[in-house]
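Colleague: Pasting a structure here, questions to come.
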Amino acid sequence: MELSGGGGGDGRRTRATAHELARYEELFAARTRGMKSSAMREMMALTERPDVISLAGGLPDTSTFAPELYARLMAEVAADSTARALQYGPTEGMATTVASVVEVMAAEGTRVDPAEVIITTGGQQVIDLVCKTLIDPGDVIVAEAPTYPGAVPTFTSYQAAVEQIEIDAEGMPIDALEATLDRLAAEGRRPKFIYTIPNFQNPGGVTMSLGRRRRLIEVARERELLILEDNPYGLLRYEGEPLPTLYSLDAQAVGRGAASDLVIYLGTFSKILSPGLRLGWAVAPRPVLEKLNLAKQGADLCSSSVTQMFVAAYFREPGEAGGAAWREYVDQLKDLYRLRRDAMLEALQEHFGEQATWTRPQGGLFIWATLDGRIDTTDLLALARKSEGVAFVPGRAAYVDGRSGSSSMRLNFAGMPEREIREGVRRIGKAIRAQLALLGSLTGASGAGGSSAAAPADPPPPAADEQPLADVVALPRREGSRTRSRRRDR
Amino acid sequence: MTLTRRVAVLKGGRSLERAVSLRSGAHVQEALERLGHEVVAIDAGPRLLEELIAADPDVAFIALHGRDGEDGTVQALLEAIDLPYTGSGPGSCMRATDKVLAKHLMREAAIPTARFHALRESAIKDLGAAAAMPRVQDDLGFPVVVKPASGGSALGVKFARASEELPGALVGAFSYDRTVLIERYIRGRDLAVSVLEREGAEAGPGRAAAEALPVVEAVPREEDFYDYESRYEIGMTTFVCPAELPEETSARAQALALEVYELLGCRGFARVDLMLEHDTGELWVLEANVVPGMTETSLLPQAADAAGIGFDDLVAQILAAATAR
């Protein structure tokens with residue numbers, strides 16, 4: 001077969017596209033096979049419309065940042081240092097921005113050496129650089145189940161074998177982690193790192209308890225495993241006592257005031273300031289840091305100087321009450337998001353009621369709700385989008401296999417005003433009731449059409465490993481409502 | 001062939017297959033430009049008609065998949081404004097897009113199609129249809145495949161291995177359509193036969209002969225009997241064209257595709273999907289697509305390529321068939 005196609009009748013050269021494609025196929029790296037689009041992701045793209053209330057995004061509310069302050073700080077950056085702002089910067093980031101990072105981490109009770117910080121293009125780049133630095137095809141990453149949906153395509157593009165560990169109300173159960181590590185060891189495999197979001201987990205909304213944090217560090221130290229601690233929301237705590245970062249616990253374990261030597265810490269300005277800045281950071285043991293730096297040179301040389309200088313200027317800004325302006329802004333966000341979380345919890349009680357269970361996060365942006373095991377939230381999203389004009393993230397997005405978590409959903413409460421949160425939850429509740437009523441009719445259960453519709457016909461007993469998550473649910477729940485029948489083996 | 005035309009490429013839209021449609025449209029657009037046509041691309045939205053009328057094209061190339069673009073809606077509008085367009089007319093679009101109707105027509109015409117039952121949501125709510133489910137199950141046996149009656153996306157396509165899985169599968173499929181199809185699962189090989197009307201061979205007054213292109217086989221990357229949905233996921237499947245089949249099987253698949261094409265009254269081009277059953281060696285028609293994908297990985301361009309028809313030539317043929325009416 002010819003490769004470049006025959007000429008058309010009129011002498012114009014036509015291209016043999018399928019052949020060309022076959023040629024490209026040979027050129028594509030093997031890792032692109034893992035980069036697959038999915039029908040679910042394509043449907044998610046359709047929800048980005050003005051008439052759809054979206055509880056799907058990971059958005060903070062940037063409309064709360066004072067426009068005058070933004071204008072003044074940018075003017076300052078321009079007036080004082082136009083040339084520097086428009087120039088390349090060091091790969092590891094500008095010293096003044098690193099100083100801001102040290103300040104944010106100190107606010108979470110974590111001391112870091114500025115020489116161990118690298119500024120990145122959003123927290124997402126840390127995940128990418130860590131994989132680029134550590135993962136060969138087939139290498140194991142241990143992650144939580146569910147895990148951050150945005151990490152899933154990164155892990156798969158590096159052809160990692162991801163082991164997900166089902167979390168409960170206290171985060172990742174360390175017994176389950178050890179069992180997985182033992183099993184892997186028996187297979188002669190050792191994870192390259194453990195990926196965890198200890199605070200107000202995305203998407204689960206749960207926080208890893210202090211006891212588990214300590215044990216996780218013990219396990220990591222015993223087995224000499226790296227941990228990637230992803231902590232975008234730590235400062236956005238609406239209630240309860242802050243818990244120490246894994247980084248600081250590991251540093252304590254090392255002792256003598258030294259830095260952590262097993263934890264790679266991921267932070268970001270996205271949730272406490274702005275995702276549009278695209279600024280995050282990593283704190284890592286020196287040898288890892290050096291590789292991350294080299295990897296970043298190859299990726300983008302350095303992060304934006306303009307936004308780094310904006311952050312540095314912002315961190316110098318005094319607040320109205322005498323402290324730093326950024327601390328006051330975080331406090332303001334906390335007050336706002338706390339009310340929105342409460343609004344969503346109330347709306348869930350009113351509109352989901354006994355038909356679902358959900359987590360009650362002490363901070364962060366997300367609530368994770370789980371429905372009757374026979375409802376697939378990807379399908380529910382199709383219905384809710386079309387008939388109700390509302391969107392959320394289907395649970396499957398948080399699982400590497402794309403199949404598990406099919407009866408759960410992630411709801412963002414931070415990006416929307418309370419009125420829209422309530423309305424959005426009401427709309428989803430309506431779609432759920434429609435599906436449960438239909439299920440009730442099909443299984444012969446009574447109450448079809450009403451809000452009390454459809455007890456499962458023969459609910460299997462709740463699985464033991466799911467029980468603890470239910471404990472954080474604020475509401476009484478109907479027996480069996482959390483059961484997942486026919487959950488696929490992963 | 002060298003006649004320059006003003007072509008409106010209709011793409012995008014609001015269906016679940018929007019993303020594929022945008023890729024098909026972009027691809028078609030490039031080909032049309034290479035062929036020397038003047039191209040206006042229109043994303044099918046609330047201002048579709050307004051934009052079409054303003055653009056004042058000679059012909060519309062429909063690269064829309066799923067709702068609106070494949071179900072006859074857009075075709076009917078184009079008839080209303082008297083604008084020639086590619087592919088099938090509204091009637092055959094409706095017959096092909098409604099899988100239930102298409103299967104009834106095939107059954108009546110003695111074209112082999114997998115045994116099935118259809119269920120309307122309203123029948124469950126208003127007529128107590130749930131009581132018929134045990135009979136349906138007995139008739140089809142397990143496993144069954146449950147599909148929304150319309151739509152070509154993987155979404156909503158479910159596999160039920162036992163009766164307790166059926167209600168959830170039905171509710172999932174009802175999320176996309178008021179009618180769902182419950183079909184006997186045929187274990188076998190996935191085949192697709194594209195049909196193309198080509199200039200030259202006249203089949204009747206003003207009509208080119210429809211020709212079946214080489215058979216394409218879709219081979220799942222990892223055979224997972226229970227993971228039916230992944231068969232529809234992009235990247236989970238590799239394609240073999242021409243499919244490695246005994247000659248008479250290929251010929252039979254192509255003959256069936258042409259029969260379905262005629263039965264549904266398709267025009268210009270279409271793709272017919274079939275299963276070759278493992279146990280019996282029988283061929284079964286699943287469905288027909290009146291606006292098959294035109295992306296670089298789509299089956300029709302691959303089949304055309306195997307028949308020696310490059311992509312630009314394929315686009316030219318489809319366009320020629322549209323304006324020949």
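Residue numbering restarts at 1 in every chain; chains get A, B, ... in the order shown in the structure tokens, and ligands count up from 1 in that same order.
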Dump as a PyMOL selection string the residues of chain B that approach chain A to within 6 Å, counting only C-alpha atoms.
Modeller: chain B and resi 16+130+167-168+172+175+233+235+302+310-312
Colleague: Would you export the selected residues with N, CA and C atoms as a PDB file, in the first residue's frame, please?
Modeller:
ATOM      1  N   LEU B  16     -24.154  14.642  23.096  1.00  0.00           N
ATOM      2  CA  LEU B  16     -23.088  14.051  23.894  1.00  0.00           C
ATOM      3  C   LEU B  16     -21.871  13.739  23.029  1.00  0.00           C
ATOM      4  N   ALA B 130     -43.215  -3.111  34.518  1.00  0.00           N
ATOM      5  CA  ALA B 130     -42.250  -3.919  35.274  1.00  0.00           C
ATOM      6  C   ALA B 130     -42.688  -5.375  35.351  1.00  0.00           C
ATOM      7  N   PRO B 167     -32.487  -3.716  36.663  1.00  0.00           N
ATOM      8  CA  PRO B 167     -33.107  -2.411  36.964  1.00  0.00           C
ATOM      9  C   PRO B 167     -32.115  -1.252  36.927  1.00  0.00           C
ATOM     10  N   GLY B 168     -30.942  -1.440  37.513  1.00  0.00           N
ATOM     11  CA  GLY B 168     -29.943  -0.367  37.501  1.00  0.00           C
ATOM     12  C   GLY B 168     -29.510  -0.029  36.083  1.00  0.00           C
ATOM     13  N   GLY B 172     -30.048   3.547  34.237  1.00  0.00           N
ATOM     14  CA  GLY B 172     -28.911   4.232  33.625  1.00  0.00           C
ATOM     15  C   GLY B 172     -29.214   4.618  32.187  1.00  0.00           C
ATOM     16  N   SER B 175     -31.533   7.480  31.473  1.00  0.00           N
ATOM     17  CA  SER B 175     -31.002   8.826  31.685  1.00  0.00           C
ATOM     18  C   SER B 175     -30.770   9.542  30.363  1.00  0.00           C
ATOM     19  N   GLU B 233     -15.167   2.975  24.418  1.00  0.00           N
ATOM     20  CA  GLU B 233     -14.266   4.050  24.816  1.00  0.00           C
ATOM     21  C   GLU B 233     -13.163   4.201  23.789  1.00  0.00           C
ATOM     22  N   GLY B 235      -9.721   4.649  22.302  1.00  0.00           N
ATOM     23  CA  GLY B 235      -8.402   4.259  22.766  1.00  0.00           C
ATOM     24  C   GLY B 235      -8.362   2.886  23.403  1.00  0.00           C
ATOM     25  N   GLN B 302     -11.215   4.894   7.490  1.00  0.00           N
ATOM     26  CA  GLN B 302     -10.299   3.755   7.416  1.00  0.00           C
ATOM     27  C   GLN B 302     -10.728   2.765   6.348  1.00  0.00           C
ATOM     28  N   GLY B 310      -8.798   7.940  -0.745  1.00  0.00           N
ATOM     29  CA  GLY B 310      -8.201   8.819   0.265  1.00  0.00           C
ATOM     30  C   GLY B 310      -9.263   9.689   0.908  1.00  0.00           C
ATOM     31  N   PHE B 311      -8.884  10.341   2.003  1.00  0.00           N
ATOM     32  CA  PHE B 311      -9.876  11.107   2.754  1.00  0.00           C
ATOM     33  C   PHE B 311     -10.488  12.227   1.929  1.00  0.00           C
ATOM     34  N   ASP B 312      -9.645  12.947   1.203  1.00  0.00           N
ATOM     35  CA  ASP B 312     -10.170  14.055   0.401  1.00  0.00           C
ATOM     36  C   ASP B 312     -11.138  13.543  -0.655  1.00  0.00           C
TER      37      ASP B 312
END
Colleague: Residues near B:Asp139, anyone? I mean within 12 Å using only C-alpha atoms, not counting same-chain ones fewer than 3 positions away, as a PyMOL selection string.
Modeller: chain B and resi 115-117+132-136+142-144+182-184
Colleague: I need the residues from that last selection saved to file as a compact mmCIF listing (two decimals), in the first residue's frame (with all heavy atoms), if you can.
Modeller:
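Output saved as part_35.txt:
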# COMPACT_ATOMS: atom_id res chain seq x y z
N ARG B 115 -31.93 -10.51 18.97
CA ARG B 115 -33.23 -10.58 19.64
C ARG B 115 -33.32 -9.46 20.68
O ARG B 115 -32.36 -9.19 21.39
CB ARG B 115 -33.32 -11.94 20.32
CG ARG B 115 -34.68 -12.40 20.61
CD ARG B 115 -34.63 -13.84 21.10
NE ARG B 115 -35.98 -14.27 21.43
CZ ARG B 115 -36.86 -14.66 20.51
NH1 ARG B 115 -36.53 -14.68 19.25
NH2 ARG B 115 -38.07 -15.01 20.88
N PHE B 116 -34.48 -8.83 20.79
CA PHE B 116 -34.57 -7.65 21.64
C PHE B 116 -35.98 -7.41 22.17
O PHE B 116 -36.95 -7.98 21.66
CB PHE B 116 -34.13 -6.41 20.85
CG PHE B 116 -35.12 -5.97 19.79
CD1 PHE B 116 -35.99 -4.90 20.02
CD2 PHE B 116 -35.19 -6.65 18.58
CE1 PHE B 116 -36.91 -4.52 19.05
CE2 PHE B 116 -36.11 -6.25 17.60
CZ PHE B 116 -36.97 -5.19 17.83
N HIS B 117 -36.04 -6.58 23.18
CA HIS B 117 -37.30 -5.97 23.61
C HIS B 117 -37.03 -4.50 23.84
O HIS B 117 -35.91 -4.12 24.17
CB HIS B 117 -37.82 -6.62 24.88
CG HIS B 117 -38.32 -8.01 24.66
ND1 HIS B 117 -39.59 -8.28 24.25
CD2 HIS B 117 -37.69 -9.21 24.77
CE1 HIS B 117 -39.74 -9.60 24.11
NE2 HIS B 117 -38.58 -10.19 24.41
N ALA B 132 -43.76 -7.17 33.16
CA ALA B 132 -43.36 -7.95 31.97
C ALA B 132 -41.90 -8.36 32.01
O ALA B 132 -41.45 -9.18 31.21
CB ALA B 132 -43.63 -7.14 30.70
N MET B 133 -41.15 -7.79 32.95
CA MET B 133 -39.71 -8.01 32.92
C MET B 133 -39.29 -9.47 33.06
O MET B 133 -38.37 -9.92 32.38
CB MET B 133 -39.01 -7.13 33.98
CG MET B 133 -39.09 -5.63 33.69
SD MET B 133 -38.83 -5.20 31.96
CE MET B 133 -37.12 -5.57 31.81
N PRO B 134 -39.95 -10.24 33.94
CA PRO B 134 -39.53 -11.66 34.03
C PRO B 134 -39.63 -12.38 32.68
O PRO B 134 -38.75 -13.15 32.32
CB PRO B 134 -40.51 -12.26 35.05
CG PRO B 134 -40.95 -11.09 35.87
CD PRO B 134 -40.98 -9.91 34.94
N ARG B 135 -40.70 -12.08 31.92
CA ARG B 135 -40.86 -12.72 30.60
C ARG B 135 -39.74 -12.27 29.66
O ARG B 135 -39.22 -13.06 28.89
CB ARG B 135 -42.21 -12.35 29.98
CG ARG B 135 -43.40 -12.77 30.80
CD ARG B 135 -43.66 -14.27 30.61
NE ARG B 135 -44.85 -14.65 31.37
CZ ARG B 135 -46.08 -14.65 30.85
NH1 ARG B 135 -46.26 -14.30 29.60
NH2 ARG B 135 -47.11 -14.99 31.59
N VAL B 136 -39.46 -10.99 29.71
CA VAL B 136 -38.41 -10.44 28.85
C VAL B 136 -37.09 -11.14 29.16
O VAL B 136 -36.35 -11.56 28.26
CB VAL B 136 -38.28 -8.91 29.06
CG1 VAL B 136 -37.01 -8.36 28.40
CG2 VAL B 136 -39.51 -8.20 28.49
N PHE B 142 -29.58 -14.32 29.94
CA PHE B 142 -28.53 -13.38 30.34
C PHE B 142 -27.21 -13.87 29.77
O PHE B 142 -27.05 -15.06 29.55
CB PHE B 142 -28.46 -13.28 31.87
CG PHE B 142 -29.55 -12.41 32.42
CD1 PHE B 142 -30.69 -12.96 32.98
CD2 PHE B 142 -29.43 -11.02 32.33
CE1 PHE B 142 -31.69 -12.13 33.46
CE2 PHE B 142 -30.44 -10.20 32.82
CZ PHE B 142 -31.57 -10.76 33.39
N PRO B 143 -26.26 -12.97 29.52
CA PRO B 143 -26.35 -11.52 29.73
C PRO B 143 -27.15 -10.80 28.66
O PRO B 143 -27.35 -11.33 27.57
CB PRO B 143 -24.88 -11.08 29.67
CG PRO B 143 -24.16 -12.15 28.96
CD PRO B 143 -24.96 -13.40 29.06
N VAL B 144 -27.57 -9.57 29.01
CA VAL B 144 -28.21 -8.70 28.02
C VAL B 144 -27.45 -7.38 27.96
O VAL B 144 -26.74 -7.02 28.90
CB VAL B 144 -29.69 -8.41 28.36
CG1 VAL B 144 -30.54 -9.64 28.21
CG2 VAL B 144 -29.82 -7.77 29.74
N ILE B 182 -33.44 -3.54 25.14
CA ILE B 182 -32.79 -4.64 25.88
C ILE B 182 -32.51 -5.71 24.83
O ILE B 182 -33.43 -6.20 24.18
CB ILE B 182 -33.71 -5.22 26.97
CG1 ILE B 182 -34.30 -4.10 27.83
CG2 ILE B 182 -32.95 -6.23 27.85
CD1 ILE B 182 -35.43 -4.57 28.73
N GLU B 183 -31.25 -6.04 24.67
CA GLU B 183 -30.86 -6.88 23.54
C GLU B 183 -30.08 -8.09 24.05
O GLU B 183 -29.27 -7.97 24.96
CB GLU B 183 -29.95 -6.03 22.64
CG GLU B 183 -29.83 -6.45 21.22
CD GLU B 183 -28.98 -5.44 20.44
OE1 GLU B 183 -27.91 -5.03 20.92
OE2 GLU B 183 -29.41 -5.06 19.33
N ARG B 184 -30.31 -9.22 23.43
CA ARG B 184 -29.50 -10.40 23.73
C ARG B 184 -28.03 -10.05 23.48
O ARG B 184 -27.70 -9.44 22.47
CB ARG B 184 -29.91 -11.55 22.81
CG ARG B 184 -29.11 -12.81 22.99
CD ARG B 184 -29.67 -13.94 22.13
NE ARG B 184 -29.26 -13.87 20.73
CZ ARG B 184 -28.13 -14.42 20.25
NH1 ARG B 184 -27.31 -15.07 21.05
NH2 ARG B 184 -27.83 -14.32 18.97
Colleague: Would you list the contacts of A:Gly123 as a ChimeraX atom specification, taking every protein, DNA or RNA residue within 10 Å and counting only C-alpha atoms, but skipping same-chain residues closer than 5 positions in sequence?
Modeller: /A:128,230-232,266-270,275,278-282
Colleague: As an NGL selection string, please: the residues near B:Thr295 (cut-off 7 Å, only C-alpha atoms, same-chain neighbours under 6 positions excluded).
Modeller: :B and (23-24 or 27)
Colleague: Counting only C-alpha atoms, what is within 12 Å of A:Glu290, bar same-chain residues fewer than 4 positions away, as an MDAnalysis selection string?
Modeller: chainID A and resid 91:92 115:118 129:130 133 282:286 294:297
Colleague: Mind writing the picked residues with N, CA, C and O atoms as a PDB file, in the first residue's frame?
Modeller:
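Written file, out.pdb:
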ATOM      1  N   THR A  91      14.911  28.944  37.876  1.00  0.00           N
ATOM      2  CA  THR A  91      14.021  27.790  37.802  1.00  0.00           C
ATOM      3  C   THR A  91      13.360  27.506  39.149  1.00  0.00           C
ATOM      4  O   THR A  91      12.172  27.199  39.215  1.00  0.00           O
ATOM      5  N   GLU A  92      14.130  27.635  40.230  1.00  0.00           N
ATOM      6  CA  GLU A  92      13.573  27.306  41.553  1.00  0.00           C
ATOM      7  C   GLU A  92      12.623  28.388  42.062  1.00  0.00           C
ATOM      8  O   GLU A  92      11.965  28.209  43.070  1.00  0.00           O
ATOM      9  N   ALA A 115      15.937  26.929  50.947  1.00  0.00           N
ATOM     10  CA  ALA A 115      16.750  26.279  49.912  1.00  0.00           C
ATOM     11  C   ALA A 115      16.124  24.965  49.442  1.00  0.00           C
ATOM     12  O   ALA A 115      16.588  24.369  48.468  1.00  0.00           O
ATOM     13  N   GLU A 116      15.098  24.490  50.152  1.00  0.00           N
ATOM     14  CA  GLU A 116      14.473  23.226  49.755  1.00  0.00           C
ATOM     15  C   GLU A 116      13.124  23.445  49.076  1.00  0.00           C
ATOM     16  O   GLU A 116      12.334  22.518  48.921  1.00  0.00           O
ATOM     17  N   VAL A 117      12.875  24.689  48.683  1.00  0.00           N
ATOM     18  CA  VAL A 117      11.601  25.019  48.036  1.00  0.00           C
ATOM     19  C   VAL A 117      11.840  25.226  46.541  1.00  0.00           C
ATOM     20  O   VAL A 117      12.847  25.804  46.142  1.00  0.00           O
ATOM     21  N   ILE A 118      10.910  24.754  45.737  1.00  0.00           N
ATOM     22  CA  ILE A 118      10.923  25.093  44.310  1.00  0.00           C
ATOM     23  C   ILE A 118       9.534  25.620  43.951  1.00  0.00           C
ATOM     24  O   ILE A 118       8.517  25.033  44.315  1.00  0.00           O
ATOM     25  N   LEU A 129       5.886  16.810  37.788  1.00  0.00           N
ATOM     26  CA  LEU A 129       7.348  16.718  37.928  1.00  0.00           C
ATOM     27  C   LEU A 129       7.760  15.542  38.803  1.00  0.00           C
ATOM     28  O   LEU A 129       8.768  14.885  38.541  1.00  0.00           O
ATOM     29  N   VAL A 130       6.984  15.281  39.841  1.00  0.00           N
ATOM     30  CA  VAL A 130       7.313  14.147  40.717  1.00  0.00           C
ATOM     31  C   VAL A 130       7.208  12.841  39.924  1.00  0.00           C
ATOM     32  O   VAL A 130       8.078  11.969  40.015  1.00  0.00           O
ATOM     33  N   THR A 133      10.053  12.564  37.496  1.00  0.00           N
ATOM     34  CA  THR A 133      11.305  12.294  38.171  1.00  0.00           C
ATOM     35  C   THR A 133      11.388  10.866  38.714  1.00  0.00           C
ATOM     36  O   THR A 133      12.454  10.279  38.743  1.00  0.00           O
ATOM     37  N   ALA A 282       6.868  23.077  45.656  1.00  0.00           N
ATOM     38  CA  ALA A 282       7.203  21.804  46.297  1.00  0.00           C
ATOM     39  C   ALA A 282       8.311  22.061  47.293  1.00  0.00           C
ATOM     40  O   ALA A 282       9.158  22.936  47.088  1.00  0.00           O
ATOM     41  N   VAL A 283       8.265  21.309  48.395  1.00  0.00           N
ATOM     42  CA  VAL A 283       9.387  21.259  49.314  1.00  0.00           C
ATOM     43  C   VAL A 283       9.830  19.805  49.301  1.00  0.00           C
ATOM     44  O   VAL A 283       9.001  18.911  49.480  1.00  0.00           O
ATOM     45  N   ALA A 284      11.089  19.579  49.041  1.00  0.00           N
ATOM     46  CA  ALA A 284      11.510  18.188  48.859  1.00  0.00           C
ATOM     47  C   ALA A 284      12.918  17.977  49.393  1.00  0.00           C
ATOM     48  O   ALA A 284      13.720  18.920  49.457  1.00  0.00           O
ATOM     49  N   PRO A 285      13.229  16.733  49.771  1.00  0.00           N
ATOM     50  CA  PRO A 285      14.600  16.411  50.155  1.00  0.00           C
ATOM     51  C   PRO A 285      15.550  16.815  49.017  1.00  0.00           C
ATOM     52  O   PRO A 285      15.189  16.693  47.850  1.00  0.00           O
ATOM     53  N   ARG A 286      16.757  17.300  49.388  1.00  0.00           N
ATOM     54  CA  ARG A 286      17.666  17.871  48.378  1.00  0.00           C
ATOM     55  C   ARG A 286      17.858  17.035  47.116  1.00  0.00           C
ATOM     56  O   ARG A 286      17.748  17.579  46.018  1.00  0.00           O
ATOM     57  N   LEU A 294      15.754  20.007  37.591  1.00  0.00           N
ATOM     58  CA  LEU A 294      16.147  19.650  36.216  1.00  0.00           C
ATOM     59  C   LEU A 294      14.921  19.355  35.359  1.00  0.00           C
ATOM     60  O   LEU A 294      14.834  19.763  34.201  1.00  0.00           O
ATOM     61  N   ALA A 295      13.959  18.647  35.969  1.00  0.00           N
ATOM     62  CA  ALA A 295      12.735  18.299  35.232  1.00  0.00           C
ATOM     63  C   ALA A 295      11.976  19.570  34.874  1.00  0.00           C
ATOM     64  O   ALA A 295      11.440  19.701  33.768  1.00  0.00           O
ATOM     65  N   LYS A 296      11.958  20.518  35.790  1.00  0.00           N
ATOM     66  CA  LYS A 296      11.238  21.772  35.523  1.00  0.00           C
ATOM     67  C   LYS A 296      11.937  22.592  34.436  1.00  0.00           C
ATOM     68  O   LYS A 296      11.276  23.211  33.609  1.00  0.00           O
ATOM     69  N   GLN A 297      13.262  22.551  34.438  1.00  0.00           N
ATOM     70  CA  GLN A 297      13.984  23.247  33.361  1.00  0.00           C
ATOM     71  C   GLN A 297      13.521  22.743  32.002  1.00  0.00           C
ATOM     72  O   GLN A 297      13.291  23.524  31.075  1.00  0.00           O
TER      73      GLN A 297
END
Colleague: For stretch 193-198 of chain A, list every protein, DNA or RNA residue within 9 Å, evaluated using only C-alpha atoms, and leave out those in the same chain fewer than 6 positions away; present the list as a list of chain:residue names.
Modeller: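 That gives A:Leu134, A:Val140, A:Ile141, A:Val142, A:Ala143, A:Glu144, A:Thr147, A:Tyr148, A:Gly171, A:Met172, A:Val206, A:Thr207, A:Met208, A:Ser209, A:Arg213, A:Ala220, A:Leu225, A:Leu226, A:Ile227, A:Leu228, A:Glu229, A:Asp230, A:Asn231, A:Pro232, A:Gly234, A:Thr245, A:Leu246.
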Colleague: As a PyMOL selection string, please: the residues near A:Ser304 (cut-off 10 Å, only C-alpha atoms, same-chain neighbours under 4 positions excluded).
Modeller: chain A and resi 85-89+93-94+119-121+277-279+300+308-309
